[in-house]
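In what follows, a single structure is set out as C-alpha cells and then discussed.
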Number of protein chains: 2
Amino acid sequence: MNITQAADAAGLPVKTVRYYDDIGLVNAGRGENGYRVYTDDHVHKLRFLQRSRGLGFSLTDCRQLLSLYEDQNRESADVRALALQRLEDIDHKLRELGSLRSTLAELVSSCHGDDRPDCPILDDLAAGK
Amino acid sequence: MNITQAADAAGLPVKTVRYYDDIGLVNAGRGENGYRVYTDDHVHKLRFLQRSRGLGFSLTDCRQLLSLYEDQNRESADVRALALQRLEDIDHKLRELGSLRSTLAELVSSCHGDDRPDCPILDDLAAGK
DNA sequence: CTAGAGCTTCCAGCGACTGGAAGGTCAAGG
DNA sequence: CCTTGACCTTCCAGTCGCTGGAAGCTCTAG
C-alpha cells in the first residue's frame, strides 16, 4: 500500500510517516517506481507510534518501546519502568499546570475587564511577586 | 548594569536575555565598549517576561502583553481576554493530561513487571484500541 | 603584565514536525 | 494517444524558544 493509505490507517499525517521513515523509525519498502510501500505490519507499528506519541512518549522513548515490542525476549519490567517514568512526568506537569491555573484564575477574577486602563493582571505580572 | 546582573535580577539565563534583545522584545542600550546596558526599567520588563512565560504565555502573547502594559490607554478587557484564552488552553491541557494519566496508570497497574516477555502495556499500544 | 571572568557576534542544533518548490508517476476520461 | 490532476519523490527552510559553543574583544584583580 502507498503512503497515504498507510498514514490514513495509522491516523498520522503523510509528512509524519515520511519523517518516521527518514529517521529510521519505520522503514518502508520501496516499489519499482520509487514509491514507499507499506505492509500491514508497518501500519501496525505506525499506529503503535501514533498511540505512544499521543500518550506523551518522546520519539526516543518510542524507539525504545518499539524495539522492546519487537524483542521477543524483552522483560516487561523495562516497559513498565518507562511507563512509570512517564507517569511521574505527567503528575509533575499536572501539578504545575494546576498551580498555574489557580494563579491565572485569580488574576482574571480580580480584573474588572472594562475599558479603564488599570488592570490587576498586568500589575501583578509587573510586580513579579 | 551589565547583562549578567540584569539576567540575575530577572531570574533569566543570560542567553535568554540576549535573545530577547535580538528579537526586539527588550532592547537594551549599549555602552561605549559595546556591552549591553540595562536599567531598572529593563529589568522590570524582563521580570514581567519571566513571569508571563512561566504562566505559559507564548512570546507572541508576551509581546502583546508588554505593549498593553506600556500603553497607558489600554483597556483592561484586552488583557483579560488574553488571560481567559490562556485559562481555557490550560483547562484543555489539564483534561488531556488527566485522561492520559488514567490510561497510562491503568496500563502500568496491569503489567506485572517481571522478566517474562509478555507485557500488557505493549500489547495495548499495539492494539491501538 | 597577566590571568581569568565577562562581554560580543555568529553559527548550529534541539524535538517533532510542517510547508513549499520542483519534478517524476499513475489512473481515468476524452 | 494525450491530457489532466492526484499522488508520489526529494530537498530545503521554517517553526518555537531557547541553548551550546567557538572565536575574539574588554575589563578587573593581583
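Chain labels run A, B, ... following the order of the C-alpha cells; each chain numbers its residues from 1, and ligands are numbered from 1 in the order shown.
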Here's a check: after a least-squares fit over all in-order C-alpha atoms, write chain A in the frame of chain B, as a PDB file with C-alpha atoms, in the first residue's frame.
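Once everything was written out, this is selection-v8.pdb:
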```
ATOM      1  CA  MET A   1      24.146  47.224  34.701  1.00  0.00           C
ATOM      2  CA  ASN A   2      25.551  44.439  32.540  1.00  0.00           C
ATOM      3  CA  ILE A   3      23.640  41.525  31.142  1.00  0.00           C
ATOM      4  CA  THR A   4      24.519  39.023  33.848  1.00  0.00           C
ATOM      5  CA  GLN A   5      23.218  41.247  36.634  1.00  0.00           C
ATOM      6  CA  ALA A   6      20.052  41.936  34.699  1.00  0.00           C
ATOM      7  CA  ALA A   7      19.529  38.271  33.905  1.00  0.00           C
ATOM      8  CA  ASP A   8      20.090  37.268  37.512  1.00  0.00           C
ATOM      9  CA  ALA A   9      17.739  39.955  38.727  1.00  0.00           C
ATOM     10  CA  ALA A  10      15.059  38.795  36.340  1.00  0.00           C
ATOM     11  CA  GLY A  11      15.624  35.119  36.970  1.00  0.00           C
ATOM     12  CA  LEU A  12      16.463  34.363  33.356  1.00  0.00           C
ATOM     13  CA  PRO A  13      19.483  32.826  31.636  1.00  0.00           C
ATOM     14  CA  VAL A  14      21.835  35.310  30.007  1.00  0.00           C
ATOM     15  CA  LYS A  15      21.314  33.678  26.633  1.00  0.00           C
ATOM     16  CA  THR A  16      17.603  34.226  26.894  1.00  0.00           C
ATOM     17  CA  VAL A  17      18.007  37.894  27.744  1.00  0.00           C
ATOM     18  CA  ARG A  18      20.268  38.325  24.733  1.00  0.00           C
ATOM     19  CA  TYR A  19      17.683  36.515  22.664  1.00  0.00           C
ATOM     20  CA  TYR A  20      14.930  38.847  23.875  1.00  0.00           C
ATOM     21  CA  ASP A  21      17.108  41.737  22.775  1.00  0.00           C
ATOM     22  CA  ASP A  22      17.684  40.155  19.363  1.00  0.00           C
ATOM     23  CA  ILE A  23      13.991  39.701  18.708  1.00  0.00           C
ATOM     24  CA  GLY A  24      13.224  43.194  19.918  1.00  0.00           C
ATOM     25  CA  LEU A  25      11.296  42.210  23.002  1.00  0.00           C
ATOM     26  CA  VAL A  26      13.497  44.095  25.452  1.00  0.00           C
ATOM     27  CA  ASN A  27      15.988  46.319  23.663  1.00  0.00           C
ATOM     28  CA  ALA A  28      18.952  47.032  25.840  1.00  0.00           C
ATOM     29  CA  GLY A  29      21.077  50.119  25.496  1.00  0.00           C
ATOM     30  CA  ARG A  30      24.740  49.883  24.607  1.00  0.00           C
ATOM     31  CA  GLY A  31      27.787  51.133  26.458  1.00  0.00           C
ATOM     32  CA  GLU A  32      30.898  52.558  24.819  1.00  0.00           C
ATOM     33  CA  ASN A  33      32.483  49.133  24.884  1.00  0.00           C
ATOM     34  CA  GLY A  34      29.579  47.588  23.005  1.00  0.00           C
ATOM     35  CA  TYR A  35      28.222  45.829  26.066  1.00  0.00           C
ATOM     36  CA  ARG A  36      24.489  45.762  26.574  1.00  0.00           C
ATOM     37  CA  VAL A  37      23.391  48.111  29.323  1.00  0.00           C
ATOM     38  CA  TYR A  38      20.302  47.403  31.395  1.00  0.00           C
ATOM     39  CA  THR A  39      18.350  49.754  33.589  1.00  0.00           C
ATOM     40  CA  ASP A  40      15.920  48.889  36.361  1.00  0.00           C
ATOM     41  CA  ASP A  41      13.142  49.432  33.893  1.00  0.00           C
ATOM     42  CA  HIS A  42      14.622  46.816  31.607  1.00  0.00           C
ATOM     43  CA  VAL A  43      14.899  44.399  34.486  1.00  0.00           C
ATOM     44  CA  HIS A  44      11.304  45.130  35.316  1.00  0.00           C
ATOM     45  CA  LYS A  45      10.224  44.126  31.824  1.00  0.00           C
ATOM     46  CA  LEU A  46      12.444  41.082  31.871  1.00  0.00           C
ATOM     47  CA  ARG A  47      10.874  39.937  35.085  1.00  0.00           C
ATOM     48  CA  PHE A  48       7.478  40.615  33.569  1.00  0.00           C
ATOM     49  CA  LEU A  49       8.474  38.321  30.731  1.00  0.00           C
ATOM     50  CA  GLN A  50       9.887  35.692  33.030  1.00  0.00           C
ATOM     51  CA  ARG A  51       6.630  35.597  34.887  1.00  0.00           C
ATOM     52  CA  SER A  52       4.372  35.672  31.840  1.00  0.00           C
ATOM     53  CA  ARG A  53       6.338  32.913  30.168  1.00  0.00           C
ATOM     54  CA  GLY A  54       6.087  30.940  33.381  1.00  0.00           C
ATOM     55  CA  LEU A  55       2.345  31.309  33.176  1.00  0.00           C
ATOM     56  CA  GLY A  56       2.459  29.778  29.733  1.00  0.00           C
ATOM     57  CA  PHE A  57       2.036  32.816  27.537  1.00  0.00           C
ATOM     58  CA  SER A  58       3.782  32.530  24.187  1.00  0.00           C
ATOM     59  CA  LEU A  59       6.334  35.128  23.195  1.00  0.00           C
ATOM     60  CA  THR A  60       3.736  36.538  20.834  1.00  0.00           C
ATOM     61  CA  ASP A  61       1.321  36.859  23.746  1.00  0.00           C
ATOM     62  CA  CYS A  62       4.093  38.388  25.802  1.00  0.00           C
ATOM     63  CA  ARG A  63       4.844  40.963  23.170  1.00  0.00           C
ATOM     64  CA  GLN A  64       1.195  41.951  23.195  1.00  0.00           C
ATOM     65  CA  LEU A  65       1.003  41.922  26.966  1.00  0.00           C
ATOM     66  CA  LEU A  66       4.102  44.064  27.159  1.00  0.00           C
ATOM     67  CA  SER A  67       2.746  46.624  24.739  1.00  0.00           C
ATOM     68  CA  LEU A  68      -0.526  46.704  26.628  1.00  0.00           C
ATOM     69  CA  TYR A  69       1.493  47.144  29.759  1.00  0.00           C
ATOM     70  CA  GLU A  70       3.274  50.125  28.296  1.00  0.00           C
ATOM     71  CA  ASP A  71       0.185  51.670  26.797  1.00  0.00           C
ATOM     72  CA  GLN A  72      -1.273  54.037  29.330  1.00  0.00           C
ATOM     73  CA  ASN A  73      -4.584  54.111  27.487  1.00  0.00           C
ATOM     74  CA  ARG A  74      -5.091  50.376  27.104  1.00  0.00           C
ATOM     75  CA  GLU A  75      -8.309  48.778  28.098  1.00  0.00           C
ATOM     76  CA  SER A  76      -8.052  46.174  30.780  1.00  0.00           C
ATOM     77  CA  ALA A  77     -10.561  44.108  28.824  1.00  0.00           C
ATOM     78  CA  ASP A  78      -7.853  43.335  26.272  1.00  0.00           C
ATOM     79  CA  VAL A  79      -5.604  41.795  28.844  1.00  0.00           C
ATOM     80  CA  ARG A  80      -8.468  39.978  30.454  1.00  0.00           C
ATOM     81  CA  ALA A  81      -9.447  38.433  27.139  1.00  0.00           C
ATOM     82  CA  LEU A  82      -5.933  37.195  26.591  1.00  0.00           C
ATOM     83  CA  ALA A  83      -5.789  35.729  30.070  1.00  0.00           C
ATOM     84  CA  LEU A  84      -9.180  34.062  29.651  1.00  0.00           C
ATOM     85  CA  GLN A  85      -8.005  32.484  26.432  1.00  0.00           C
ATOM     86  CA  ARG A  86      -4.928  31.131  28.172  1.00  0.00           C
ATOM     87  CA  LEU A  87      -7.123  29.831  30.982  1.00  0.00           C
ATOM     88  CA  GLU A  88      -9.182  27.927  28.464  1.00  0.00           C
ATOM     89  CA  ASP A  89      -6.035  26.502  26.911  1.00  0.00           C
ATOM     90  CA  ILE A  90      -4.875  25.371  30.320  1.00  0.00           C
ATOM     91  CA  ASP A  91      -8.178  23.719  31.104  1.00  0.00           C
ATOM     92  CA  HIS A  92      -8.063  21.908  27.816  1.00  0.00           C
ATOM     93  CA  LYS A  93      -4.549  20.710  28.520  1.00  0.00           C
ATOM     94  CA  LEU A  94      -5.515  19.652  32.018  1.00  0.00           C
ATOM     95  CA  ARG A  95      -8.321  17.502  30.672  1.00  0.00           C
ATOM     96  CA  GLU A  96      -6.043  15.951  28.088  1.00  0.00           C
ATOM     97  CA  LEU A  97      -3.322  15.234  30.572  1.00  0.00           C
ATOM     98  CA  GLY A  98      -5.835  13.786  32.976  1.00  0.00           C
ATOM     99  CA  SER A  99      -7.172  11.258  30.548  1.00  0.00           C
ATOM    100  CA  LEU A 100      -3.648  10.468  29.465  1.00  0.00           C
ATOM    101  CA  ARG A 101      -2.720   9.842  33.037  1.00  0.00           C
ATOM    102  CA  SER A 102      -5.532   7.429  33.657  1.00  0.00           C
ATOM    103  CA  THR A 103      -4.781   5.487  30.496  1.00  0.00           C
ATOM    104  CA  LEU A 104      -1.134   5.184  31.404  1.00  0.00           C
ATOM    105  CA  ALA A 105      -1.891   4.379  35.030  1.00  0.00           C
ATOM    106  CA  GLU A 106      -4.193   1.602  33.973  1.00  0.00           C
ATOM    107  CA  LEU A 107      -1.520   0.173  31.724  1.00  0.00           C
ATOM    108  CA  VAL A 108       1.085   0.324  34.432  1.00  0.00           C
ATOM    109  CA  SER A 109      -1.136  -1.355  36.981  1.00  0.00           C
ATOM    110  CA  SER A 110      -1.909  -4.184  34.590  1.00  0.00           C
ATOM    111  CA  CYS A 111       1.754  -4.902  33.987  1.00  0.00           C
ATOM    112  CA  HIS A 112       3.381  -7.307  36.408  1.00  0.00           C
ATOM    113  CA  GLY A 113       6.785  -5.786  35.631  1.00  0.00           C
ATOM    114  CA  ASP A 114       8.919  -8.857  35.998  1.00  0.00           C
ATOM    115  CA  ASP A 115      11.384 -10.580  33.725  1.00  0.00           C
ATOM    116  CA  ARG A 116       8.814 -12.347  31.613  1.00  0.00           C
ATOM    117  CA  PRO A 117       8.513 -11.186  28.055  1.00  0.00           C
ATOM    118  CA  ASP A 118       4.802 -10.554  27.931  1.00  0.00           C
ATOM    119  CA  CYS A 119       3.841  -7.007  28.708  1.00  0.00           C
ATOM    120  CA  PRO A 120       0.301  -5.647  28.696  1.00  0.00           C
ATOM    121  CA  ILE A 121       1.545  -2.126  28.047  1.00  0.00           C
ATOM    122  CA  LEU A 122       3.139  -3.024  24.760  1.00  0.00           C
ATOM    123  CA  ASP A 123       0.205  -5.236  23.871  1.00  0.00           C
ATOM    124  CA  ASP A 124      -2.128  -2.351  24.385  1.00  0.00           C
ATOM    125  CA  LEU A 125      -0.004   0.091  22.452  1.00  0.00           C
ATOM    126  CA  ALA A 126       0.123  -2.421  19.627  1.00  0.00           C
ATOM    127  CA  ALA A 127      -3.588  -3.132  19.704  1.00  0.00           C
ATOM    128  CA  GLY A 128      -4.230   0.538  19.206  1.00  0.00           C
ATOM    129  CA  LYS A 129      -7.742   0.281  20.625  1.00  0.00           C
TER     130      LYS A 129
END
```
Residues of chain D within 8 Å of chain B, counting only C-alpha atoms (C1' of nucleotides), as a count of residues only: 3
All strand (DSSP E) positions in chain A, as a list in words: Gly29, Arg30, Arg36 and Val37 of chain A
N, CA and C atoms of the current selection, written as a PDB file, in the first residue's frame:
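Wrote part.pdb, looks like this:
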```
ATOM      1  N   GLY A  29       9.348  -0.210   2.656  1.00  0.00           N
ATOM      2  CA  GLY A  29       9.987  -0.775   1.481  1.00  0.00           C
ATOM      3  C   GLY A  29       9.823   0.191   0.317  1.00  0.00           C
ATOM      4  N   ARG A  30      10.374  -0.178  -0.821  1.00  0.00           N
ATOM      5  CA  ARG A  30      10.241   0.677  -1.996  1.00  0.00           C
ATOM      6  C   ARG A  30       9.760  -0.129  -3.182  1.00  0.00           C
ATOM      7  N   ARG A  36       7.247   4.616  -1.627  1.00  0.00           N
ATOM      8  CA  ARG A  36       7.319   3.818  -0.411  1.00  0.00           C
ATOM      9  C   ARG A  36       6.178   2.814  -0.404  1.00  0.00           C
ATOM     10  N   VAL A  37       6.489   1.611   0.055  1.00  0.00           N
ATOM     11  CA  VAL A  37       5.473   0.562   0.115  1.00  0.00           C
ATOM     12  C   VAL A  37       5.288   0.122   1.558  1.00  0.00           C
TER      13      VAL A  37
END
```
Nearby residues (only C-alpha atoms (C1' of nucleotides)) at most 12 Å from C:DG23, same-chain spacing under 5 positions excluded, as a ChimeraX atom specification: /D:8-11
Take the selection from the previous step and output its residues with N, CA and C atoms (P, O5', C5', C4', C3', O3' and C1' of nucleotides), as an mmCIF file, in the first residue's frame.
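As written to disk, out.cif reads:
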```cif
data_model
loop_
_atom_site.group_PDB
_atom_site.id
_atom_site.type_symbol
_atom_site.label_atom_id
_atom_site.label_comp_id
_atom_site.auth_asym_id
_atom_site.auth_seq_id
_atom_site.Cartn_x
_atom_site.Cartn_y
_atom_site.Cartn_z
ATOM 1 P P DC D 8 0.192 8.969 -2.175
ATOM 2 O "O5'" DC D 8 1.705 9.104 -2.671
ATOM 3 C "C5'" DC D 8 2.304 8.037 -3.393
ATOM 4 C "C4'" DC D 8 3.561 8.522 -4.079
ATOM 5 C "C3'" DC D 8 4.631 9.063 -3.135
ATOM 6 O "O3'" DC D 8 5.452 8.028 -2.637
ATOM 7 C "C1'" DC D 8 4.447 10.342 -5.150
ATOM 8 P P DT D 9 6.551 8.420 -1.526
ATOM 9 O "O5'" DT D 9 7.639 9.245 -2.335
ATOM 10 C "C5'" DT D 9 8.495 8.563 -3.276
ATOM 11 C "C4'" DT D 9 9.463 9.536 -3.908
ATOM 12 C "C3'" DT D 9 10.312 10.328 -2.932
ATOM 13 O "O3'" DT D 9 11.418 9.571 -2.507
ATOM 14 C "C1'" DT D 9 9.516 11.734 -4.677
ATOM 15 P P DT D 10 12.196 10.015 -1.237
ATOM 16 O "O5'" DT D 10 12.969 11.322 -1.733
ATOM 17 C "C5'" DT D 10 13.941 11.235 -2.779
ATOM 18 C "C4'" DT D 10 14.449 12.637 -3.092
ATOM 19 C "C3'" DT D 10 15.215 13.258 -1.927
ATOM 20 O "O3'" DT D 10 16.526 13.633 -2.360
ATOM 21 C "C1'" DT D 10 13.489 14.733 -2.688
ATOM 22 P P DC D 11 17.593 14.049 -1.270
ATOM 23 O "O5'" DC D 11 17.378 15.619 -1.170
ATOM 24 C "C5'" DC D 11 17.370 16.408 -2.371
ATOM 25 C "C4'" DC D 11 16.996 17.833 -2.021
ATOM 26 C "C3'" DC D 11 17.661 18.341 -0.729
ATOM 27 O "O3'" DC D 11 18.156 19.655 -0.948
ATOM 28 C "C1'" DC D 11 15.333 18.666 -0.640
#
```
At a cut-off of 12 Å, using only C-alpha atoms (C1' of nucleotides), what residues contact D:DA29? Leave out same-chain residues fewer than 4 positions from it and give the result as a PDB file with N, CA, C and O atoms (P, O5', C5', C4', C3', O3' and C1' of nucleotides), in the first residue's frame.
```pdb
ATOM      1  P    DC C   1      53.914  45.734  30.276  1.00  0.00           P
ATOM      2  O5'  DC C   1      53.547  44.672  31.444  1.00  0.00           O
ATOM      3  C5'  DC C   1      54.520  43.825  31.981  1.00  0.00           C
ATOM      4  C4'  DC C   1      53.855  42.521  32.341  1.00  0.00           C
ATOM      5  C3'  DC C   1      53.100  41.870  31.181  1.00  0.00           C
ATOM      6  O3'  DC C   1      53.247  40.461  31.333  1.00  0.00           O
ATOM      7  C1'  DC C   1      51.579  42.328  32.921  1.00  0.00           C
ATOM      8  P    DT C   2      52.938  39.484  30.155  1.00  0.00           P
ATOM      9  O5'  DT C   2      52.258  38.290  30.952  1.00  0.00           O
ATOM     10  C5'  DT C   2      52.436  38.193  32.375  1.00  0.00           C
ATOM     11  C4'  DT C   2      51.142  37.688  32.974  1.00  0.00           C
ATOM     12  C3'  DT C   2      50.275  36.852  32.022  1.00  0.00           C
ATOM     13  O3'  DT C   2      49.837  35.717  32.740  1.00  0.00           O
ATOM     14  C1'  DT C   2      48.966  38.513  33.016  1.00  0.00           C
ATOM     15  P    DA C   3      49.479  34.379  31.997  1.00  0.00           P
ATOM     16  O5'  DA C   3      48.290  33.845  32.895  1.00  0.00           O
ATOM     17  C5'  DA C   3      48.338  34.055  34.313  1.00  0.00           C
ATOM     18  C4'  DA C   3      46.922  34.233  34.824  1.00  0.00           C
ATOM     19  C3'  DA C   3      45.910  33.305  34.137  1.00  0.00           C
ATOM     20  O3'  DA C   3      45.223  32.628  35.166  1.00  0.00           O
ATOM     21  C1'  DA C   3      45.157  35.570  34.083  1.00  0.00           C
ATOM     22  P    DG C   4      44.261  31.446  34.857  1.00  0.00           P
ATOM     23  O5'  DG C   4      42.832  32.122  35.024  1.00  0.00           O
ATOM     24  C5'  DG C   4      42.533  32.854  36.208  1.00  0.00           C
ATOM     25  C4'  DG C   4      41.287  33.668  35.975  1.00  0.00           C
ATOM     26  C3'  DG C   4      40.168  32.889  35.277  1.00  0.00           C
ATOM     27  O3'  DG C   4      38.965  33.244  35.914  1.00  0.00           O
ATOM     28  C1'  DG C   4      40.583  34.858  34.121  1.00  0.00           C
ATOM     29  P    DA C   5      37.743  32.311  36.030  1.00  0.00           P
ATOM     30  O5'  DA C   5      36.539  33.351  36.130  1.00  0.00           O
ATOM     31  C5'  DA C   5      36.670  34.512  36.953  1.00  0.00           C
ATOM     32  C4'  DA C   5      36.009  35.691  36.266  1.00  0.00           C
ATOM     33  C3'  DA C   5      34.638  35.355  35.669  1.00  0.00           C
ATOM     34  O3'  DA C   5      33.730  36.331  36.135  1.00  0.00           O
ATOM     35  C1'  DA C   5      35.980  36.472  34.081  1.00  0.00           C
TER      36       DA C   5
END
```
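Minimum distance to C:DC14 across D:DA22, D:DC27, D:DC16, D:DC7 (counting only C-alpha atoms (C1' of nucleotides)) occurs at D:DC16.
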Per residue of chain C within 10 Å of chain B, note the shortest atom pair and the distance in Å to one decimal, counting only C-alpha atoms (C1' of nucleotides), and order the rows by chain and increasing residue number, as CSV.
```
residue,atom,partner,partner_atom,distance
C:DG6,C1',B:Thr4,CA,8.6
C:DC7,C1',B:Tyr35,CA,6.2
C:DT8,C1',B:Tyr35,CA,7.2
```
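Every protein or nucleic acid residue with an atom no more than 10 Å from stretch 9-12 of chain C, counting only C-alpha atoms (C1' of nucleotides) and leaving out same-chain residues fewer than 5 positions away, appears here: DG20, DG21, DA22, DA23 and DG24 of chain D.
With atom C1' of C:DG24 on one side and atom C1' of D:DT15 on the other, the separation reads 28.9 Å.
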